[in-house]
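To start, the structure under review is shown below, and the notes come after it.
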Amino acid sequence: MQILEPQQFATWQDPVSMLYACHGKVKRFCRQLQILPDYLQKNGVNQAVINDVKLILQYFNQAAPLHHEDEEQDFFPALVVKAPQAKQTVDELEKQHMNLHQNWQNLAQQLQMLIAGERDHIEQSLIEQFVAGYEKHIALEEPLFELGKEYLSDEQLIAMGKIMFARRQG
């Protein structure tokens with residue numbers, strides 16, 4: 001079930017590249033989720049499914065919320081100061097974060113039951129809703145990453161990257 005693609009190497013010295021790298025992982029995991037129902041129908045719940053679903057659960061339970069915190073607490077506020085035209089989009093993205101988290105909770109419950117052996121399928125509609133939410137979100141958000149590269153100074157970005165790194169250290 002694994003879909004391989006080139007790894008993007010980003011560092012906290014360039015937090016915008018880290019934000020993009022997170023989106024790369026989101027897209028990869030969303031593709032895996034989209035093929036999961038057909039895979040389960042043909043192959044059942046096997047060790048490959050369990051391994052992949054555990055990785056997906058770990059990412060969206062831990063890394064995705066941190067990514068949203070990076071945006072809401074660090075990137076968006078700094079961007080809006082330098083590029084006030086982004087404010088309306090930022091407000092919409094922050095609302096979407098709440099919907100993304102709710103969609104994830106609904107899907108995660110079934111994924112956890114799947115790996116616990118309590119179910120043998122995932123509702124396609126939950127996957128579709130989750131993936132569609134992220135597709136819409138990323139399409140709206142990534143242009144702001146480009147604005148950030150244009151409007152935020154290297155010093156601001158380096159400081160932001162240090163904060164984002166520290167957030168993950170505990």
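We name chains A, B, ... following the order of the structure tokens; residues begin at 1 in each chain, and ligands are numbered from 1 as shown.
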Tell me, as a list in words, which residues lie within 7 Å of range 92-98 of chain A, counting only C-alpha atoms; anything in the same chain fewer than 4 positions away does not count. Gln88, Gln102 and His137 of chain A
Produce a file of the selected residues containing N, CA and C atoms, as a PDB file, in the first residue's frame.
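Once written, out.pdb looks like this:
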```pdb
ATOM      1  N   GLN A  88      -8.133  38.104   5.789  1.00  0.00           N
ATOM      2  CA  GLN A  88      -9.386  37.388   5.522  1.00  0.00           C
ATOM      3  C   GLN A  88      -9.119  35.907   5.242  1.00  0.00           C
ATOM      4  N   GLN A 102     -12.122  18.092  13.448  1.00  0.00           N
ATOM      5  CA  GLN A 102     -13.349  17.311  13.659  1.00  0.00           C
ATOM      6  C   GLN A 102     -13.447  16.171  12.648  1.00  0.00           C
ATOM      7  N   HIS A 137      -8.145  23.214   1.874  1.00  0.00           N
ATOM      8  CA  HIS A 137      -7.320  23.956   2.826  1.00  0.00           C
ATOM      9  C   HIS A 137      -5.934  24.265   2.254  1.00  0.00           C
TER      10      HIS A 137
END
```
So which residues touch Leu33 in chain A within 9 Å, counting only C-alpha atoms, skipping near sequence neighbours fewer than 2 positions away, as a ChimeraX atom specification? /A:28-31,35-37,53,56,127-128,131
Compile a residue-level contact table for range 7-70 of chain A against range 114-124 of chain A at a cut-off of 12 Å, reporting for every qualifying residue the shortest atom pair and its distance in Å to one decimal, with only C-alpha atoms counted, rows ordered by chain and ascending number, as CSV.
```
residue,atom,partner,partner_atom,distance
A:Leu33,CA,A:Gln124,CA,9.3
A:Gln34,CA,A:Gln124,CA,8.1
A:Ile35,CA,A:Gln124,CA,9.9
A:Leu36,CA,A:Ile122,CA,8.0
A:Pro37,CA,A:Ile122,CA,6.3
A:Asp38,CA,A:His121,CA,9.3
A:Tyr39,CA,A:His121,CA,9.7
A:Leu40,CA,A:His121,CA,6.5
A:Gln41,CA,A:His121,CA,7.6
A:Lys42,CA,A:His121,CA,11.0
A:Asn43,CA,A:Asp120,CA,10.4
A:Gly44,CA,A:Asp120,CA,6.9
A:Val45,CA,A:Asp120,CA,6.5
A:Asn46,CA,A:Ile115,CA,9.2
A:Gln47,CA,A:Ile115,CA,9.3
A:Ala48,CA,A:Ile115,CA,10.7
A:Val49,CA,A:Ile115,CA,8.1
A:Ile50,CA,A:Ile115,CA,5.5
A:Asn51,CA,A:Ile115,CA,8.8
A:Asp52,CA,A:Ile115,CA,10.0
A:Val53,CA,A:Ile115,CA,7.4
A:Lys54,CA,A:Ile115,CA,7.8
A:Leu55,CA,A:Ile115,CA,11.4
A:Ile56,CA,A:Ile115,CA,11.6
A:Leu57,CA,A:Ile115,CA,10.4
```
Here is a test: counting only C-alpha atoms, which residue of A:Phe165, A:Gln109, A:Phe75, A:Gln85 is nearest to Val16 in chain A?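 Among A:Phe165, A:Gln109, A:Phe75, A:Gln85, it is A:Phe75 that comes nearest to Val16 in chain A.
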A:Gln73, A:Tyr20, A:Gln32, A:Val26: which is nearest Met164 in chain A, counting only C-alpha atoms?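 Of all the options, A:Gln73 lies closest to Met164 in chain A.
Distance annotation: of A:Lys25, A:Lys136, A:Leu126, A:Leu19, the residue with the minimal separation from Glu69 in chain A is A:Leu19; atom set is only C-alpha atoms.
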Pull the helix (DSSP H, G or I) assignments for chain A out of DSSP run on the backbone, and list those residues as a PyMOL selection string. chain A and resi 15-43+47-82+84-115+124-151+154-168
Based on the selection just made, write C-alpha atoms of those residues as a compact mmCIF listing (two decimals), in the first residue's frame.
```txt
# COMPACT_ATOMS: atom_id res chain seq x y z
CA PRO A 15 10.12 27.27 8.39
CA VAL A 16 8.20 27.89 5.17
CA SER A 17 9.87 24.85 3.65
CA MET A 18 8.88 22.90 6.75
CA LEU A 19 5.26 24.01 6.33
CA TYR A 20 5.38 22.83 2.72
CA ALA A 21 6.99 19.54 3.79
CA CYS A 22 4.11 18.95 6.22
CA HIS A 23 1.67 19.49 3.37
CA GLY A 24 3.63 16.95 1.34
CA LYS A 25 3.08 14.38 4.08
CA VAL A 26 -0.60 15.29 4.36
CA LYS A 27 -1.03 14.74 0.62
CA ARG A 28 0.80 11.41 0.75
CA PHE A 29 -1.26 10.14 3.68
CA CYS A 30 -4.47 11.35 2.03
CA ARG A 31 -3.59 9.33 -1.09
CA GLN A 32 -3.04 6.29 1.10
CA LEU A 33 -6.40 6.83 2.78
CA GLN A 34 -8.11 7.11 -0.59
CA ILE A 35 -6.83 3.72 -1.73
CA LEU A 36 -7.46 2.06 1.64
CA PRO A 37 -11.10 0.97 1.09
CA ASP A 38 -10.33 -0.86 -2.17
CA TYR A 39 -7.20 -2.35 -0.69
CA LEU A 40 -9.16 -3.61 2.32
CA GLN A 41 -11.82 -5.10 0.10
CA LYS A 42 -9.23 -7.05 -1.91
CA ASN A 43 -6.71 -7.92 0.81
CA GLN A 47 0.18 -6.19 8.60
CA ALA A 48 0.86 -3.67 5.81
CA VAL A 49 -2.48 -1.99 6.50
CA ILE A 50 -1.87 -1.96 10.23
CA ASN A 51 1.60 -0.45 9.78
CA ASP A 52 0.40 2.24 7.39
CA VAL A 53 -2.66 3.12 9.45
CA LYS A 54 -0.50 3.46 12.58
CA LEU A 55 1.73 5.94 10.71
CA ILE A 56 -1.31 7.89 9.50
CA LEU A 57 -2.78 7.98 13.01
CA GLN A 58 0.52 9.12 14.48
CA TYR A 59 0.92 11.90 11.93
CA PHE A 60 -2.59 13.34 12.22
CA ASN A 61 -2.73 12.89 16.01
CA GLN A 62 0.64 14.55 16.66
CA ALA A 63 2.32 16.35 13.76
CA ALA A 64 -0.74 17.88 12.09
CA PRO A 65 -1.94 19.67 15.26
CA LEU A 66 1.59 21.02 15.80
CA HIS A 67 1.62 22.23 12.19
CA HIS A 68 -1.63 24.07 12.78
CA GLU A 69 -0.20 25.62 15.96
CA ASP A 70 2.86 26.74 13.98
CA GLU A 71 0.58 28.52 11.56
CA GLU A 72 -1.87 30.00 14.05
CA GLN A 73 0.63 31.08 16.70
CA ASP A 74 3.65 32.03 14.61
CA PHE A 75 3.30 32.20 10.84
CA PHE A 76 -0.16 33.75 10.39
CA PRO A 77 0.26 36.54 12.97
CA ALA A 78 3.65 37.55 11.55
CA LEU A 79 2.32 37.43 8.01
CA VAL A 80 -0.77 39.54 8.74
CA VAL A 81 1.43 42.27 10.25
CA LYS A 82 3.50 42.48 7.07
CA PRO A 84 -2.60 42.72 5.97
CA GLN A 85 -4.29 41.64 2.75
CA ALA A 86 -3.90 38.06 4.02
CA LYS A 87 -6.13 38.60 7.07
CA GLN A 88 -9.39 37.39 5.52
CA THR A 89 -7.74 34.23 4.19
CA VAL A 90 -6.06 33.61 7.55
CA ASP A 91 -9.41 33.88 9.32
CA GLU A 92 -10.92 31.34 6.92
CA LEU A 93 -7.97 28.96 7.34
CA GLU A 94 -8.24 29.08 11.11
CA LYS A 95 -11.94 28.14 10.86
CA GLN A 96 -10.97 25.31 8.53
CA HIS A 97 -8.47 24.01 11.10
CA MET A 98 -11.39 23.35 13.46
CA ASN A 99 -13.27 21.45 10.74
CA LEU A 100 -10.15 19.48 9.79
CA HIS A 101 -9.71 18.40 13.41
CA GLN A 102 -13.35 17.31 13.66
CA ASN A 103 -13.16 15.41 10.37
CA TRP A 104 -10.01 13.73 11.65
CA GLN A 105 -11.64 12.68 14.93
CA ASN A 106 -14.47 11.01 13.02
CA LEU A 107 -12.09 9.16 10.71
CA ALA A 108 -9.51 8.33 13.39
CA GLN A 109 -12.13 6.50 15.44
CA GLN A 110 -12.72 4.06 12.59
CA LEU A 111 -9.00 3.72 11.84
CA GLN A 112 -8.31 2.85 15.48
CA MET A 113 -11.09 0.27 15.42
CA LEU A 114 -9.62 -1.15 12.20
CA ILE A 115 -6.18 -1.77 13.69
CA GLN A 124 -15.61 5.94 2.20
CA SER A 125 -17.59 9.11 3.00
CA LEU A 126 -15.40 9.85 6.02
CA ILE A 127 -12.27 9.52 3.92
CA GLU A 128 -13.73 11.67 1.16
CA GLN A 129 -14.77 14.40 3.61
CA PHE A 130 -11.36 14.37 5.30
CA VAL A 131 -9.38 14.45 2.04
CA ALA A 132 -11.61 17.11 0.46
CA GLY A 133 -11.18 19.30 3.52
CA TYR A 134 -7.40 19.14 3.26
CA GLU A 135 -7.39 19.65 -0.51
CA LYS A 136 -9.43 22.85 -0.13
CA HIS A 137 -7.32 23.96 2.83
CA ILE A 138 -3.94 23.42 1.18
CA ALA A 139 -5.04 25.19 -2.00
CA LEU A 140 -5.98 28.25 0.05
CA GLU A 141 -3.01 28.09 2.39
CA GLU A 142 0.01 27.54 0.17
CA PRO A 143 -0.27 30.93 -1.56
CA LEU A 144 0.18 32.41 1.93
CA PHE A 145 3.42 30.48 2.28
CA GLU A 146 4.62 32.28 -0.83
CA LEU A 147 3.53 35.61 0.66
CA GLY A 148 5.52 34.73 3.74
CA LYS A 149 8.65 34.16 1.69
CA GLU A 150 8.08 37.54 0.06
CA TYR A 151 7.14 39.64 3.10
CA ASP A 154 15.14 36.05 7.04
CA GLU A 155 15.56 37.02 10.69
CA GLN A 156 11.83 36.64 11.34
CA LEU A 157 11.76 33.27 9.60
CA ILE A 158 14.80 31.95 11.46
CA ALA A 159 13.31 33.04 14.81
CA MET A 160 9.99 31.46 13.83
CA GLY A 161 11.74 28.22 12.92
CA LYS A 162 13.38 28.09 16.35
CA ILE A 163 9.99 28.47 18.04
CA MET A 164 8.47 25.76 15.85
CA PHE A 165 11.37 23.42 16.61
CA ALA A 166 11.06 24.10 20.35
CA ARG A 167 7.32 23.32 20.19
CA ARG A 168 8.22 19.77 19.17
```
